[in-house]
file coords15.cif (mmCIF, C-alpha atoms)
data_structure
#
loop_
_atom_site.label_atom_id
_atom_site.label_comp_id
_atom_site.auth_asym_id
_atom_site.auth_seq_id
_atom_site.Cartn_x
_atom_site.Cartn_y
_atom_site.Cartn_z
CA MET O 1 104.56 136.45 60.86
CA PRO O 2 102.47 138.38 63.38
CA ASP O 3 104.36 136.77 66.29
CA GLY O 4 107.76 137.83 64.90
CA CYS O 5 108.85 134.42 63.64
CA ALA O 6 109.91 133.55 60.09
CA GLN O 7 108.98 130.31 58.35
CA ILE O 8 111.14 128.61 55.77
CA ILE O 9 110.25 125.87 53.37
CA ALA O 10 112.93 124.08 51.36
CA ARG O 11 113.53 121.06 49.19
CA GLY O 12 116.17 118.77 50.66
CA THR O 13 118.86 117.02 48.65
CA ASP O 14 116.61 113.95 48.67
CA GLY O 15 113.81 116.00 47.05
CA ALA O 16 111.56 115.96 50.14
CA MET O 17 110.09 119.27 51.27
CA CYS O 18 110.85 120.47 54.79
CA HIS O 19 109.55 123.30 56.98
CA CYS O 20 111.29 125.07 59.85
CA ILE O 21 110.73 128.19 61.92
CA ARG O 22 113.07 130.90 63.14
CA ARG O 23 111.44 132.09 66.36
CA ALA O 24 111.30 135.76 67.32
CA ASP O 25 114.06 135.15 69.91
CA GLY O 26 116.41 133.93 67.14
CA THR O 27 116.27 130.21 67.91
CA TRP O 28 115.27 127.65 65.31
CA THR O 29 113.00 124.65 65.29
CA GLY O 30 114.20 121.51 63.61
CA CYS O 31 113.15 120.99 60.02
CA GLU O 32 110.01 118.92 59.65
CA ARG O 33 109.26 116.93 56.50
CA LEU O 34 105.93 117.81 54.95
CA ALA O 35 103.65 114.82 54.52
CA GLY O 36 102.81 114.10 50.91
CA TYR O 37 99.64 113.96 48.89
CA ASN O 38 97.32 110.95 49.33
CA GLY O 39 99.22 109.57 52.33
CA ALA O 40 102.76 109.69 50.93
CA PRO O 41 105.32 109.98 53.76
CA ALA O 42 106.91 113.13 52.28
CA PHE O 43 105.98 115.68 49.64
CA SER O 44 108.51 115.90 46.83
CA GLY O 45 108.55 118.05 43.75
CA PRO O 46 110.41 120.64 41.71
CA ASP O 47 109.07 123.90 43.17
CA LEU O 48 107.45 125.32 46.31
CA ALA O 49 106.67 128.63 48.03
CA ILE O 50 105.37 129.92 51.37
CA THR O 51 103.72 133.08 52.67
CA GLY O 52 102.35 134.19 56.01
CA LEU O 53 98.94 135.76 56.60
CA PRO O 54 97.79 138.30 59.21
CA ASP O 55 95.95 135.60 61.22
CA GLY O 56 99.20 133.67 61.77
CA SER O 57 98.52 130.96 59.20
CA SER O 58 100.87 130.10 56.32
CA GLN O 59 99.96 129.16 52.76
CA VAL O 60 102.16 126.66 50.89
CA PRO O 61 101.68 126.01 47.18
CA ALA O 62 103.98 123.39 45.65
CA ILE O 63 104.38 121.39 42.48
CA GLY O 64 104.37 117.64 42.98
CA LEU O 65 106.38 115.01 41.14
CA ASP O 66 103.34 114.61 38.86
CA GLY O 67 103.75 118.25 37.77
CA MET O 68 100.49 119.40 39.36
CA VAL O 69 100.01 122.38 41.70
CA TYR O 70 99.06 121.46 45.28
CA HIS O 71 98.32 123.66 48.30
CA ARG O 72 98.23 123.27 52.06
CA VAL O 73 97.76 125.53 55.07
CA ARG O 74 99.68 125.72 58.33
CA ARG O 75 97.14 126.91 60.85
CA PRO O 76 98.05 129.44 63.59
CA ASP O 77 98.12 126.60 66.15
CA GLY O 78 100.83 124.78 64.13
CA THR O 79 98.65 122.02 62.68
CA TRP O 80 98.52 121.44 58.94
CA THR O 81 95.86 120.68 56.38
CA GLY O 82 96.76 118.09 53.79
CA PHE O 83 98.00 118.94 50.31
CA ARG O 84 95.11 119.41 47.90
CA PRO O 85 95.12 120.60 44.30
CA PRO O 86 93.31 123.87 43.53
CA ARG O 87 91.27 123.52 40.36
CA GLY O 88 92.86 124.35 37.04
CA MET O 89 91.07 126.20 34.26
CA ASN O 90 88.47 123.68 33.07
CA THR O 91 90.59 120.87 34.58
CA PRO O 92 90.72 119.20 38.01
CA ALA O 93 94.20 120.69 38.68
CA LEU O 94 96.80 122.90 36.99
CA GLY O 95 99.96 121.35 35.63
CA ALA O 96 102.89 123.71 36.21
CA ARG O 97 106.65 124.02 36.40
CA ALA O 98 107.02 127.06 38.71
CA VAL O 99 104.88 128.51 41.53
CA ASP O 100 104.90 131.44 43.97
CA VAL O 101 102.51 132.94 46.54
CA ALA O 102 101.91 136.25 48.33
CA GLY O 103 99.81 136.80 51.46
CA MET O 104 97.50 139.81 51.36
CA PRO O 105 96.43 142.12 54.22
CA ASP O 106 92.82 140.94 53.79
CA GLY O 107 93.80 137.31 54.53
CA SER O 108 93.70 136.10 50.93
CA ALA O 109 96.63 134.44 49.18
CA GLN O 110 97.60 135.22 45.59
CA VAL O 111 99.12 132.22 43.77
CA VAL O 112 100.94 132.49 40.45
CA ALA O 113 102.32 129.65 38.37
CA VAL O 114 104.00 128.95 35.07
CA GLY O 115 101.81 126.32 33.48
CA ARG O 116 102.97 123.42 31.35
CA ASP O 117 101.92 125.60 28.41
CA GLY O 118 104.66 128.11 29.33
CA ARG O 119 102.07 130.76 30.26
CA ALA O 120 101.68 132.67 33.51
CA TRP O 121 98.57 131.75 35.55
CA HIS O 122 96.95 133.33 38.63
CA ASP O 123 94.52 132.11 41.31
CA THR O 124 93.27 133.67 44.55
CA ARG O 125 92.55 131.74 47.74
CA ARG O 126 89.97 133.82 49.56
CA PRO O 127 90.03 134.20 53.37
CA ASP O 128 87.13 131.69 53.60
CA GLY O 129 89.28 129.01 51.88
CA SER O 130 87.50 129.12 48.51
CA TRP O 131 89.39 129.70 45.27
CA THR O 132 88.66 131.95 42.27
CA GLY O 133 90.13 129.41 39.84
CA PHE O 134 93.28 129.68 37.76
CA ALA O 135 93.18 132.14 34.85
CA ARG O 136 95.91 133.18 32.43
CA ILE O 137 97.69 136.45 33.11
CA PRO O 138 97.41 138.72 30.05
CA GLY O 139 100.57 139.56 28.14
CA PRO O 140 102.01 142.98 27.34
CA ASN O 141 99.33 143.77 24.77
CA GLY O 142 96.59 142.93 27.27
CA ARG O 143 95.19 140.09 25.15
CA ASP O 144 97.62 137.24 24.63
CA ALA O 145 98.62 135.09 27.58
CA PHE O 146 101.98 136.04 29.11
CA SER O 147 104.80 133.60 28.34
CA ALA O 148 107.09 132.97 31.29
CA GLY O 149 109.90 130.74 32.49
CA GLN O 150 109.72 131.93 36.11
CA VAL O 151 107.14 133.92 38.00
CA HIS O 152 107.15 135.73 41.36
CA ILE O 153 104.56 137.72 43.28
CA THR O 154 104.71 140.16 46.17
CA ALA O 155 102.08 141.98 48.21
CA PRO O 156 102.85 145.48 49.46
CA ARG O 157 100.87 146.71 52.47
CA ASP O 158 98.49 148.71 50.23
CA GLY O 159 96.60 145.52 49.29
CA THR O 160 97.78 145.30 45.68
CA ALA O 161 99.73 142.37 44.27
CA HIS O 162 102.67 142.75 41.91
CA VAL O 163 103.72 139.95 39.56
CA ALA O 164 107.16 139.68 37.95
CA ALA O 165 107.56 137.11 35.19
CA ILE O 166 110.81 136.19 33.51
CA SER O 167 110.17 135.51 29.86
CA ALA O 168 110.69 131.99 28.60
CA GLY O 169 112.43 133.22 25.49
#
call {"tool": "encode", "arguments": {"input": "coords15.cif", "output": "structure tokens"}}
result
Amino acid sequence: MPDGCAQIIARGTDGAMCHCIRRADGTWTGCERLAGYNGAPAFSGPDLAITGLPDGSSQVPAIGLDGMVYHRVRRPDGTWTGFRPPRGMNTPALGARAVDVAGMPDGSAQVVAVGRDGRAWHDTRRPDGSWTGFARIPGPNGRDAFSAGQVHITAPRDGTAHVAAISAG
């Protein structure tokens, strides 16, 4: 993060997602449970990710117990938005089983997911908070959708994003 801290998000043994911060001086905050979707006391689900952005905010995509992708923002002042689902492709939300995110130098966030269909999907959250919408990532031949069991994304300082997908079979 720009202030030298690191943020961690984890799923506890009870399934609830927690967030904590390692400050620049090496001390830690306590872990805080993340409030759930639609007023649930805690967010639970099978997968989650976090990335920091140049403005000091953090982006958190996660998969809920219903199998849908949700997203929330931790603002630079430490307050949170609620979890909301980004739109799927021609659907209100994307069902998925794995998710990852990378923060870009321009303030956007690149989100990748393995959909319920076993294909790799990508969406961009622009700096203004709008989304491009999930689209399938092309496979090795450039046409067919890429099959994946896991997917990860990273953002080097040059402004490109690199996706690594582990084939489902």
call {"tool": "resolve_selection", "arguments": {"input": "coords15.cif", "expression": "the PyMOL selection byres ((chain O and resi 91) around 12)", "output": "list in words"}}
result
Met68, Val69, Pro85, Pro86, Arg87, Gly88, Met89, Asn90, Pro92, Ala93, Leu94, Gly95, Gly133, Phe134 and Ala135 of chain O
call {"tool": "resolve_selection", "arguments": {"input": "coords15.cif", "expression": "the PyMOL selection byres ((chain O and resi 126) around 9)", "output": "compact mmCIF listing (two decimals) with C-alpha atoms, in the coordinates of the input"}}
result
# COMPACT_ATOMS: atom_id res chain seq x y z
CA ASP O 106 92.82 140.94 53.79
CA GLY O 107 93.80 137.31 54.53
CA SER O 108 93.70 136.10 50.93
CA ALA O 109 96.63 134.44 49.18
CA GLN O 110 97.60 135.22 45.59
CA THR O 124 93.27 133.67 44.55
CA ARG O 125 92.55 131.74 47.74
CA PRO O 127 90.03 134.20 53.37
CA ASP O 128 87.13 131.69 53.60
CA GLY O 129 89.28 129.01 51.88
CA SER O 130 87.50 129.12 48.51
CA TRP O 131 89.39 129.70 45.27
CA THR O 132 88.66 131.95 42.27
call {"tool": "resolve_selection", "arguments": {"input": "coords15.cif", "expression": "the PyMOL selection byres ((chain O and resi 118) around 10)", "output": "list in words"}}
result
Ala96, Arg97, Ala98, Ala113, Val114, Gly115, Arg116, Asp117, Arg119, Ala120, Trp121, Ala145, Phe146, Ser147, Ala148, Gly149, Gln150, Ser167 and Ala168 of chain O
call {"tool": "closest_residue", "arguments": {"input": "coords15.cif", "among": "O:Gly36, O:Pro61, O:Pro54, O:Gly4", "to": "Pro76 (chain O)", "atoms": "only C-alpha atoms"}}
result
O:Pro54
call {"tool": "atom_distance", "arguments": {"input": "coords15.cif", "atom1": "CA of Ile8 (chain O)", "atom2": "CA of Gly56 (chain O)"}}
result
14.3 Å
call {"tool": "residues_around", "arguments": {"input": "coords15.cif", "residues": "Met1 (chain O)", "least_positions_apart": "4", "cutoff": "9 Å", "atoms": "all atoms listed in the file", "output": "VMD selection string"}}
result
chain O and resid 5 to 7 51 to 58
call {"tool": "atom_distance", "arguments": {"input": "coords15.cif", "atom1": "CA of Gly39 (chain O)", "atom2": "CA of Ile21 (chain O)"}}
result
23.9 Å
call {"tool": "residues_around", "arguments": {"input": "coords15.cif", "residues": "Ala35 (chain O)", "least_positions_apart": "2", "cutoff": "12 Å", "atoms": "only C-alpha atoms", "output": "ChimeraX atom specification"}}
result
/O:16-19,32-33,37-44,64,72,79-84
call {"tool": "write_last_selection", "arguments": {"input": "coords15.cif", "atoms": "C-alpha atoms", "output": "compact mmCIF listing (two decimals), keeping the file's coordinate frame"}}
result
# COMPACT_ATOMS: atom_id res chain seq x y z
CA ALA O 16 111.56 115.96 50.14
CA MET O 17 110.09 119.27 51.27
CA CYS O 18 110.85 120.47 54.79
CA HIS O 19 109.55 123.30 56.98
CA GLU O 32 110.01 118.92 59.65
CA ARG O 33 109.26 116.93 56.50
CA TYR O 37 99.64 113.96 48.89
CA ASN O 38 97.32 110.95 49.33
CA GLY O 39 99.22 109.57 52.33
CA ALA O 40 102.76 109.69 50.93
CA PRO O 41 105.32 109.98 53.76
CA ALA O 42 106.91 113.13 52.28
CA PHE O 43 105.98 115.68 49.64
CA SER O 44 108.51 115.90 46.83
CA GLY O 64 104.37 117.64 42.98
CA ARG O 72 98.23 123.27 52.06
CA THR O 79 98.65 122.02 62.68
CA TRP O 80 98.52 121.44 58.94
CA THR O 81 95.86 120.68 56.38
CA GLY O 82 96.76 118.09 53.79
CA PHE O 83 98.00 118.94 50.31
CA ARG O 84 95.11 119.41 47.90
call {"tool": "closest_residue", "arguments": {"input": "coords15.cif", "among": "O:Leu65, O:Val112, O:Ala155, O:Val60", "to": "Arg136 (chain O)", "atoms": "only C-alpha atoms"}}
result
O:Val112
call {"tool": "atom_distance", "arguments": {"input": "coords15.cif", "atom1": "CA of Val99 (chain O)", "atom2": "CA of His122 (chain O)"}}
result
9.7 Å
call {"tool": "closest_residue", "arguments": {"input": "coords15.cif", "among": "O:Asp123, O:Ile50, O:His152, O:Pro140", "to": "Gly103 (chain O)", "atoms": "only C-alpha atoms"}}
result
O:Ile50
call {"tool": "closest_residue", "arguments": {"input": "coords15.cif", "among": "O:Arg157, O:Cys20, O:Gly15, O:Asn141", "to": "Gly78 (chain O)", "atoms": "all atoms listed in the file"}}
result
O:Cys20
call {"tool": "closest_residue", "arguments": {"input": "coords15.cif", "among": "O:Pro2, O:Arg11, O:Ala62, O:Gly67", "to": "Ala24 (chain O)", "atoms": "only C-alpha atoms"}}
result
O:Pro2
